[in-house]
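Right, one structure below, let's go through it.
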Amino acid sequence: MTQTTAPQDQVVHPDGRVELRDAAVIAGSRYANAELAPTTVERRQWTTYNYAALWMGMAHNIPSYLLASGLVAIGMNWLQAFLTITIANVIVLAPMLLNSHAGTKYGIPFPVFARAFYGVRGANLPALLRAFIACGWFGIQTWIGGQAIFVIAGKLLGPSWSAAATLLGQPWTMWLSFAFFWLVQMILIARGIEALRRFENWAAPLVTVAFLALLVYVVTRAGGFGPIFAEPSRLGWGPSFWAVFWPALMGMIAFWATLSLNMPDFTRFGAGQRQQVLGQVLGLPTTMAFISIVSIIITSGTIVLYGKAIWDPVEVARQFEHPLVVTVGLVMAILATMSANVAANVVSPSYDFSNALPRWLNFRTAGLLTGVIGVLIQPWRLISDPNVYIFAWLGFYGGVLASVAGVLVAGYWLVSRTRLDLAALYRPGGRYWYAAGWNWRAVIATLVGSLLAVGGAYSLPGRGPFPADGLIPVLRPLYDYSWAVGIAAGLVLYLVLSLTTPTRRRTPPMEQGN
């Protein structure tokens with residue numbers, strides 16, 4: 001029997017935020033647990049500073065640094081790399097804010113938000129797609145943090161550590177460093193979401209200071225900014241540049257494609273829409289611009305100092321002679337990596353895995369599962385080369401997740417007009433049950449959008465895992481614009497299918513506020 005939810009099951013506050021009148025209405029549902037249930041208004045206390053600090057912590061990290069340094073390493077000069085990253089972050093901010101709105105309004109995490117359009121069961125499709133990508137990122141960040149520990153210990157202990165016997169292609173001490181850094185993060189994860197917020201608040205400013213110190217050191221050694229900014233582009237501004245620019249831009253956008261989906265995981269704690277919007281607008285573009293210019297200047301400085309672009313900051317630190325300088329710099333790198341990792345790559349998959357098995361997994365146990373999968377993905381292979389990192393890893397998954405973002409934006413803003421039925425998001429047989437818990441319209445839009453976006457994935461000979469002609473040669477030209485193709489296709493297809501084959505379900509009455 002189809003169930004409907006009476007409007008009185010939820011309360012609309014004057015500022016537009018919505019909560020359940022009585023949490024007992026979903027207490028017995030197999031699709032609810034403490035982490036997935038709507039956050040009460042009393043617990044929604046995150047301020048503008050909390051969101052700005054969150055972005056500072058997530059953006060000021062080594063993978064963000066590798067974005068810009070990777071562009072320099074493949075031939076861009078400082079201005080080309082900076083413009084590419086700045087444009088990308090302004091673009092990705094749009095779907096991020098559009099999807100963030102639901103988190104603040106209804107107090108729900110991303111996988112519950114997705115139930116409104118994919119179905120109560122079908123939401124596992126986008127949730128698990130996002131979760132496994134986050135696991136890959138968790139592994140990448142953990143490997144980088146382990147590298148920093150390995151270098152610090154090598155400077156202090158000497159060749160007995162840095163030149164230890166090789167195991168699976170790496171010194172066994174590198175594997176030990178990796179394991180130690182993984183364990184430290186697992187301990188932080190076990191302490192829960194509030195421990196994460198407190199950690200971000202104090203770690204983020206320290207990380208910024210560390211990157212500034214590294215910048216000053218390299219610029220001083222290079223003889224000022226003049227020699228650095230004088231480094232020419234190996235690509236020029238002609239066809240060679242534009243051939244690299246578009247796929248690079250898609251890769252830069254894709255870097256935050258995961259967060260453009262799951263920011264409701266954080267905005268569900270927002271004190272209001274103004275706080276989360278202002279915090280993100282102040283946080284994302286500015287922090288990414290800062291880390292980008294720091295990375296570009298340092299990488300360009302390594303060309304002046306060492307005759308080649310060293311794109312890995314851990315390798316840059318390895319060039320320094322004074323053990324104290326190396327230690328301080330890499331300790332800050334470790335803080336940066338941990339700050340970004342537990343925020344961007346643990347919170348979200350924890351909710352996503354919990355959504356798939358709400359009776360078995362909570363935030364902590366799902367976070368531990370994320371850590372295990374992150375190791376199994378073998379992250380050291382994903383960052384072995386800037387071409388693989390930017391054009392294969394970022395470009396491919398960015399196109400897939402973009403189609404999900406298109407479905408969510410179309411569903412929430414154009415079809416539902418920001419009106420959701422909270423209790424029905426947790427109920428089998430309700431308005432978001434669709435057909436056996438799945439909305440085929442969202443699934444088709446996601447699959448077709450992803451196929452168009454990444455079906456033509458290609459790599460230049462010897463520079464990636466894909467064939468030079470593309471997986472599907474006829475779609476190869478679209479891969480250079482993978483994120484844009486994915487979000488446009490997902491949005492248009494879901495909107496068309498929803499309008500032409502509507503479901504028979506009641507629309508909740510118009511609500512007041514945002």
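Lettering and numbering for the structure tokens are positional, with chains as A, B, ... in the shown order, residues counted from 1 in each chain, and ligands counted from 1 in the shown order.
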
Report as a Markdown table: every residue of stretch 206-296 of chain A with an atom at most 10 Å from stretch 482-501 of chain A, its closest pair of atoms, and their distance in Å to one decimal, counting only C-alpha atoms, with rows sorted by chain and ascending residue number.
```
| residue | atom | partner | partner_atom | distance |
| --- | --- | --- | --- | --- |
| A:Trp246 | CA | A:Ser482 | CA | 9.4 |
| A:Pro247 | CA | A:Ser482 | CA | 7.7 |
| A:Leu249 | CA | A:Trp483 | CA | 9.1 |
| A:Met250 | CA | A:Trp483 | CA | 5.6 |
| A:Gly251 | CA | A:Trp483 | CA | 8.0 |
| A:Met252 | CA | A:Trp483 | CA | 9.8 |
| A:Ile253 | CA | A:Trp483 | CA | 7.4 |
| A:Ala254 | CA | A:Trp483 | CA | 6.8 |
| A:Ala257 | CA | A:Trp483 | CA | 8.5 |
```

How close does stretch 425-479 of chain A get to stretch 91-114 of chain A? List, as JSON lines, each residue of stretch 425-479 of chain A within 10 Å, its nearest atom pair and the distance in Å to one decimal, counting only C-alpha atoms.
```
{"residue": "A:Leu425", "atom": "CA", "partner": "A:Val112", "partner_atom": "CA", "distance": 6.6}
{"residue": "A:Tyr426", "atom": "CA", "partner": "A:Val112", "partner_atom": "CA", "distance": 8.0}
{"residue": "A:Ala442", "atom": "CA", "partner": "A:Ala114", "partner_atom": "CA", "distance": 9.8}
```

Selected residues written out with N, CA, C and O atoms, as a tab-separated table (two decimals), in the first residue's frame:
```tsv
chain	number	residue	atom	x	y	z
A	425	LEU	N	11.52	10.33	2.76
A	425	LEU	CA	12.89	9.97	2.36
A	425	LEU	C	13.38	8.73	3.10
A	425	LEU	O	14.38	8.12	2.69
A	426	TYR	N	12.69	8.35	4.15
A	426	TYR	CA	13.12	7.21	4.98
A	426	TYR	C	12.11	6.06	4.96
A	426	TYR	O	12.31	5.08	5.66
A	442	ALA	N	16.27	8.75	-13.18
A	442	ALA	CA	17.57	9.21	-12.70
A	442	ALA	C	18.68	8.26	-13.11
A	442	ALA	O	19.79	8.68	-13.47
```

Skip A:Leu215 itself and residues of its chain fewer than 4 positions away, then list as an MDAnalysis selection string all residues within 7 Å of it, counting only C-alpha atoms.
chainID A and resid 211 219 294 298

Any chance you can output those residues with C-alpha atoms as an mmCIF file, in the first residue's frame?
```
data_model
loop_
_atom_site.group_PDB
_atom_site.id
_atom_site.type_symbol
_atom_site.label_atom_id
_atom_site.label_comp_id
_atom_site.auth_asym_id
_atom_site.auth_seq_id
_atom_site.Cartn_x
_atom_site.Cartn_y
_atom_site.Cartn_z
ATOM 1 C CA PHE A 211 52.851 27.032 2.732
ATOM 2 C CA VAL A 219 61.652 32.627 -3.783
ATOM 3 C CA VAL A 294 51.964 29.184 -4.048
ATOM 4 C CA ILE A 298 57.369 27.077 -5.966
#
```

Closest to A:Leu401 among A:Ile133, A:Val18, A:Val342, A:Ala179, using only C-alpha atoms?
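Looking only at the distances to A:Leu401, the closest residue turns out to be A:Ile133.
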
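When only C-alpha atoms are used to measure the gap to A:Asp9, the shortest distance among A:Asp421, A:Leu212, A:Tyr432, A:Asp480 belongs to A:Asp421.
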
Any chance you could list, as number ranges by chain, the residues in stretch 68-313 of chain A that come up helix (DSSP H, G or I) when DSSP is run on the backbone?
A: 68-73, 78-106, 110-118, 124-157, 159-162, 172-190, 193-222, 225-229, 239-255, 257-262, 264-267, 273-306, 313

Nearest residue to A:Leu71 out of A:Val90, A:Val218, A:Ala165, A:Ile310, using only C-alpha atoms?
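For A:Leu71, the nearest of the given residues is A:Ile310.
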
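The closest residue to A:Gly411, picked from A:Asn439, A:Gln10, A:Thr84, A:Thr39 and counting only C-alpha atoms, is A:Asn439.
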
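Reported to one decimal place, the separation of atom CA of A:Asp469 from atom CA of A:Leu447 is 21.7 Å.
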
Residues within 9 Å of A:Thr302, please, as a list in words. Count only C-alpha atoms; anything in the same chain fewer than 4 positions from it doesn't count.
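Final neighbour list, sorted by chain and number: Val218, Ala222, Ile228, Ile297, Ile298, Tyr306, Gly307, Lys308, Ala309, Ile310, Trp311 and Val316 of chain A.
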
Please save C-alpha atoms of the selected residues as a compact mmCIF listing (two decimals), in the first residue's frame.
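Produced file out-v4.txt, reproduced below:
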```txt
# COMPACT_ATOMS: atom_id res chain seq x y z
CA VAL A 218 62.05 29.04 -2.53
CA ALA A 222 65.69 31.64 -6.61
CA ILE A 228 60.34 32.66 -11.63
CA ILE A 297 55.63 29.88 -7.86
CA ILE A 298 57.37 27.08 -5.97
CA TYR A 306 67.27 22.67 -10.18
CA GLY A 307 66.74 22.92 -13.93
CA LYS A 308 63.50 20.93 -13.92
CA ALA A 309 59.93 21.22 -12.63
CA ILE A 310 59.58 19.24 -9.39
CA TRP A 311 55.83 18.90 -9.03
CA VAL A 316 60.96 19.72 -3.11
```

Residues of stretch 109-207 of chain A in strand (DSSP E), written as a VMD selection string
chain A and resid 166 to 167 170 to 171

Restricting the calculation to only C-alpha atoms, which member of A:Ile144, A:Val407, A:Leu67, A:Val388 is positioned closest to A:Pro465?
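Checking each of A:Ile144, A:Val407, A:Leu67, A:Val388 against A:Pro465, counting only C-alpha atoms, the winner is A:Val388.
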
Contacts of A:Leu156 within 10 Å, only C-alpha atoms, excl. fewer than 3 positions in-chain, as a count of residues only
10

Excluding stretch 124-131 of chain A and any residue of its chain fewer than 2 positions from it, enumerate the residues within 8 Å of it, using only C-alpha atoms, and give them as number ranges by chain.
A: 110-111, 114, 121-122, 133-135, 258, 348-350, 352-353, 355-356, 370, 401, 404

Write out the residues from the selection above, keeping all heavy atoms, as a compact mmCIF listing (two decimals), in the first residue's frame.
```
# COMPACT_ATOMS: atom_id res chain seq x y z
N PHE A 110 24.05 13.91 1.88
CA PHE A 110 23.94 13.68 0.45
C PHE A 110 23.17 12.41 0.06
O PHE A 110 22.28 12.46 -0.78
CB PHE A 110 25.34 13.68 -0.17
CG PHE A 110 25.44 12.99 -1.50
CD1 PHE A 110 24.77 13.46 -2.61
CD2 PHE A 110 26.20 11.83 -1.63
CE1 PHE A 110 24.85 12.82 -3.84
CE2 PHE A 110 26.30 11.18 -2.85
CZ PHE A 110 25.61 11.67 -3.96
N PRO A 111 23.47 11.22 0.64
CA PRO A 111 22.76 10.03 0.17
C PRO A 111 21.26 10.08 0.43
O PRO A 111 20.48 9.53 -0.35
CB PRO A 111 23.43 8.88 0.93
CG PRO A 111 24.14 9.51 2.06
CD PRO A 111 24.51 10.89 1.62
N ALA A 114 19.79 12.38 -2.21
CA ALA A 114 19.70 11.69 -3.50
C ALA A 114 18.49 10.77 -3.58
O ALA A 114 18.01 10.46 -4.68
CB ALA A 114 20.98 10.90 -3.76
N ARG A 121 16.08 3.24 -2.47
CA ARG A 121 17.13 2.26 -2.71
C ARG A 121 18.10 2.74 -3.80
O ARG A 121 19.30 2.52 -3.71
CB ARG A 121 16.52 0.94 -3.14
CG ARG A 121 15.84 0.15 -2.03
CD ARG A 121 15.19 -1.09 -2.61
NE ARG A 121 14.67 -1.98 -1.57
CZ ARG A 121 13.88 -3.02 -1.81
NH1 ARG A 121 13.52 -3.31 -3.06
NH2 ARG A 121 13.45 -3.78 -0.82
N GLY A 122 17.56 3.36 -4.81
CA GLY A 122 18.38 3.79 -5.95
C GLY A 122 19.45 4.79 -5.58
O GLY A 122 20.45 4.93 -6.30
N ILE A 133 35.16 6.69 -5.06
CA ILE A 133 36.11 7.71 -5.50
C ILE A 133 36.76 8.38 -4.28
O ILE A 133 37.96 8.65 -4.28
CB ILE A 133 35.40 8.75 -6.39
CG1 ILE A 133 35.05 8.09 -7.73
CG2 ILE A 133 36.27 9.98 -6.61
CD1 ILE A 133 34.08 8.87 -8.58
N ALA A 134 35.96 8.62 -3.24
CA ALA A 134 36.52 9.17 -2.01
C ALA A 134 37.54 8.23 -1.39
O ALA A 134 38.55 8.67 -0.84
CB ALA A 134 35.41 9.47 -1.01
N CYS A 135 37.29 6.94 -1.49
CA CYS A 135 38.26 5.96 -0.99
C CYS A 135 39.59 6.10 -1.73
O CYS A 135 40.66 6.02 -1.13
CB CYS A 135 37.72 4.54 -1.14
SG CYS A 135 36.34 4.14 -0.05
N THR A 258 33.49 15.75 -6.43
CA THR A 258 32.94 14.96 -5.33
C THR A 258 32.22 15.87 -4.34
O THR A 258 31.09 15.59 -3.93
CB THR A 258 34.06 14.20 -4.61
OG1 THR A 258 35.11 15.12 -4.28
CG2 THR A 258 34.62 13.11 -5.48
N SER A 348 32.11 11.92 3.88
CA SER A 348 31.12 11.60 2.86
C SER A 348 30.98 10.10 2.60
O SER A 348 29.86 9.57 2.60
CB SER A 348 31.45 12.33 1.57
OG SER A 348 31.41 13.72 1.81
N PRO A 349 32.06 9.36 2.36
CA PRO A 349 31.86 7.92 2.17
C PRO A 349 31.32 7.23 3.41
O PRO A 349 30.66 6.18 3.30
CB PRO A 349 33.26 7.40 1.80
CG PRO A 349 34.20 8.44 2.26
CD PRO A 349 33.47 9.73 2.15
N SER A 350 31.58 7.79 4.58
CA SER A 350 30.99 7.21 5.78
C SER A 350 29.47 7.26 5.71
O SER A 350 28.78 6.29 6.02
CB SER A 350 31.48 7.95 7.03
OG SER A 350 32.87 7.77 7.20
N ASP A 352 27.80 7.55 2.91
CA ASP A 352 27.40 6.78 1.73
C ASP A 352 27.33 5.29 2.04
O ASP A 352 26.37 4.61 1.66
CB ASP A 352 28.37 7.04 0.58
CG ASP A 352 28.37 8.50 0.14
OD1 ASP A 352 27.35 9.17 0.37
OD2 ASP A 352 29.39 8.96 -0.41
N PHE A 353 28.36 4.76 2.69
CA PHE A 353 28.34 3.34 3.06
C PHE A 353 27.26 3.05 4.10
O PHE A 353 26.61 2.01 4.07
CB PHE A 353 29.71 2.91 3.59
CG PHE A 353 30.77 2.81 2.53
CD1 PHE A 353 32.02 3.38 2.72
CD2 PHE A 353 30.52 2.14 1.34
CE1 PHE A 353 33.00 3.28 1.74
CE2 PHE A 353 31.50 2.04 0.36
CZ PHE A 353 32.75 2.61 0.57
N ASN A 355 24.47 4.59 4.28
CA ASN A 355 23.20 4.60 3.56
C ASN A 355 22.91 3.23 2.93
O ASN A 355 21.77 2.79 2.88
CB ASN A 355 23.24 5.67 2.46
CG ASN A 355 21.92 5.80 1.73
OD1 ASN A 355 20.94 6.28 2.29
ND2 ASN A 355 21.88 5.37 0.47
N ALA A 356 23.98 2.55 2.47
CA ALA A 356 23.79 1.23 1.84
C ALA A 356 23.44 0.17 2.88
O ALA A 356 22.63 -0.73 2.60
CB ALA A 356 25.06 0.84 1.09
N THR A 370 36.22 2.90 4.79
CA THR A 370 36.83 3.80 3.80
C THR A 370 38.35 3.69 3.82
O THR A 370 39.00 3.64 2.77
CB THR A 370 36.41 5.26 4.09
OG1 THR A 370 34.99 5.36 4.01
CG2 THR A 370 37.06 6.22 3.11
N LEU A 401 30.73 11.74 -12.17
CA LEU A 401 30.03 12.42 -11.09
C LEU A 401 29.27 13.65 -11.57
O LEU A 401 28.28 14.05 -10.95
CB LEU A 401 31.02 12.82 -9.99
CG LEU A 401 31.67 11.67 -9.22
CD1 LEU A 401 32.43 12.20 -8.02
CD2 LEU A 401 30.65 10.64 -8.77
N VAL A 404 25.70 12.85 -12.23
CA VAL A 404 24.93 12.78 -10.99
C VAL A 404 24.55 14.19 -10.53
O VAL A 404 23.41 14.45 -10.13
CB VAL A 404 25.72 12.06 -9.89
CG1 VAL A 404 24.95 12.07 -8.57
CG2 VAL A 404 26.03 10.62 -10.31
```

To one decimal in Å, tell me the separation between atom CA of A:Tyr51 and atom CA of A:Gln275.
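One can read the atom CA of A:Tyr51 to atom CA of A:Gln275 distance as 7.9 Å.
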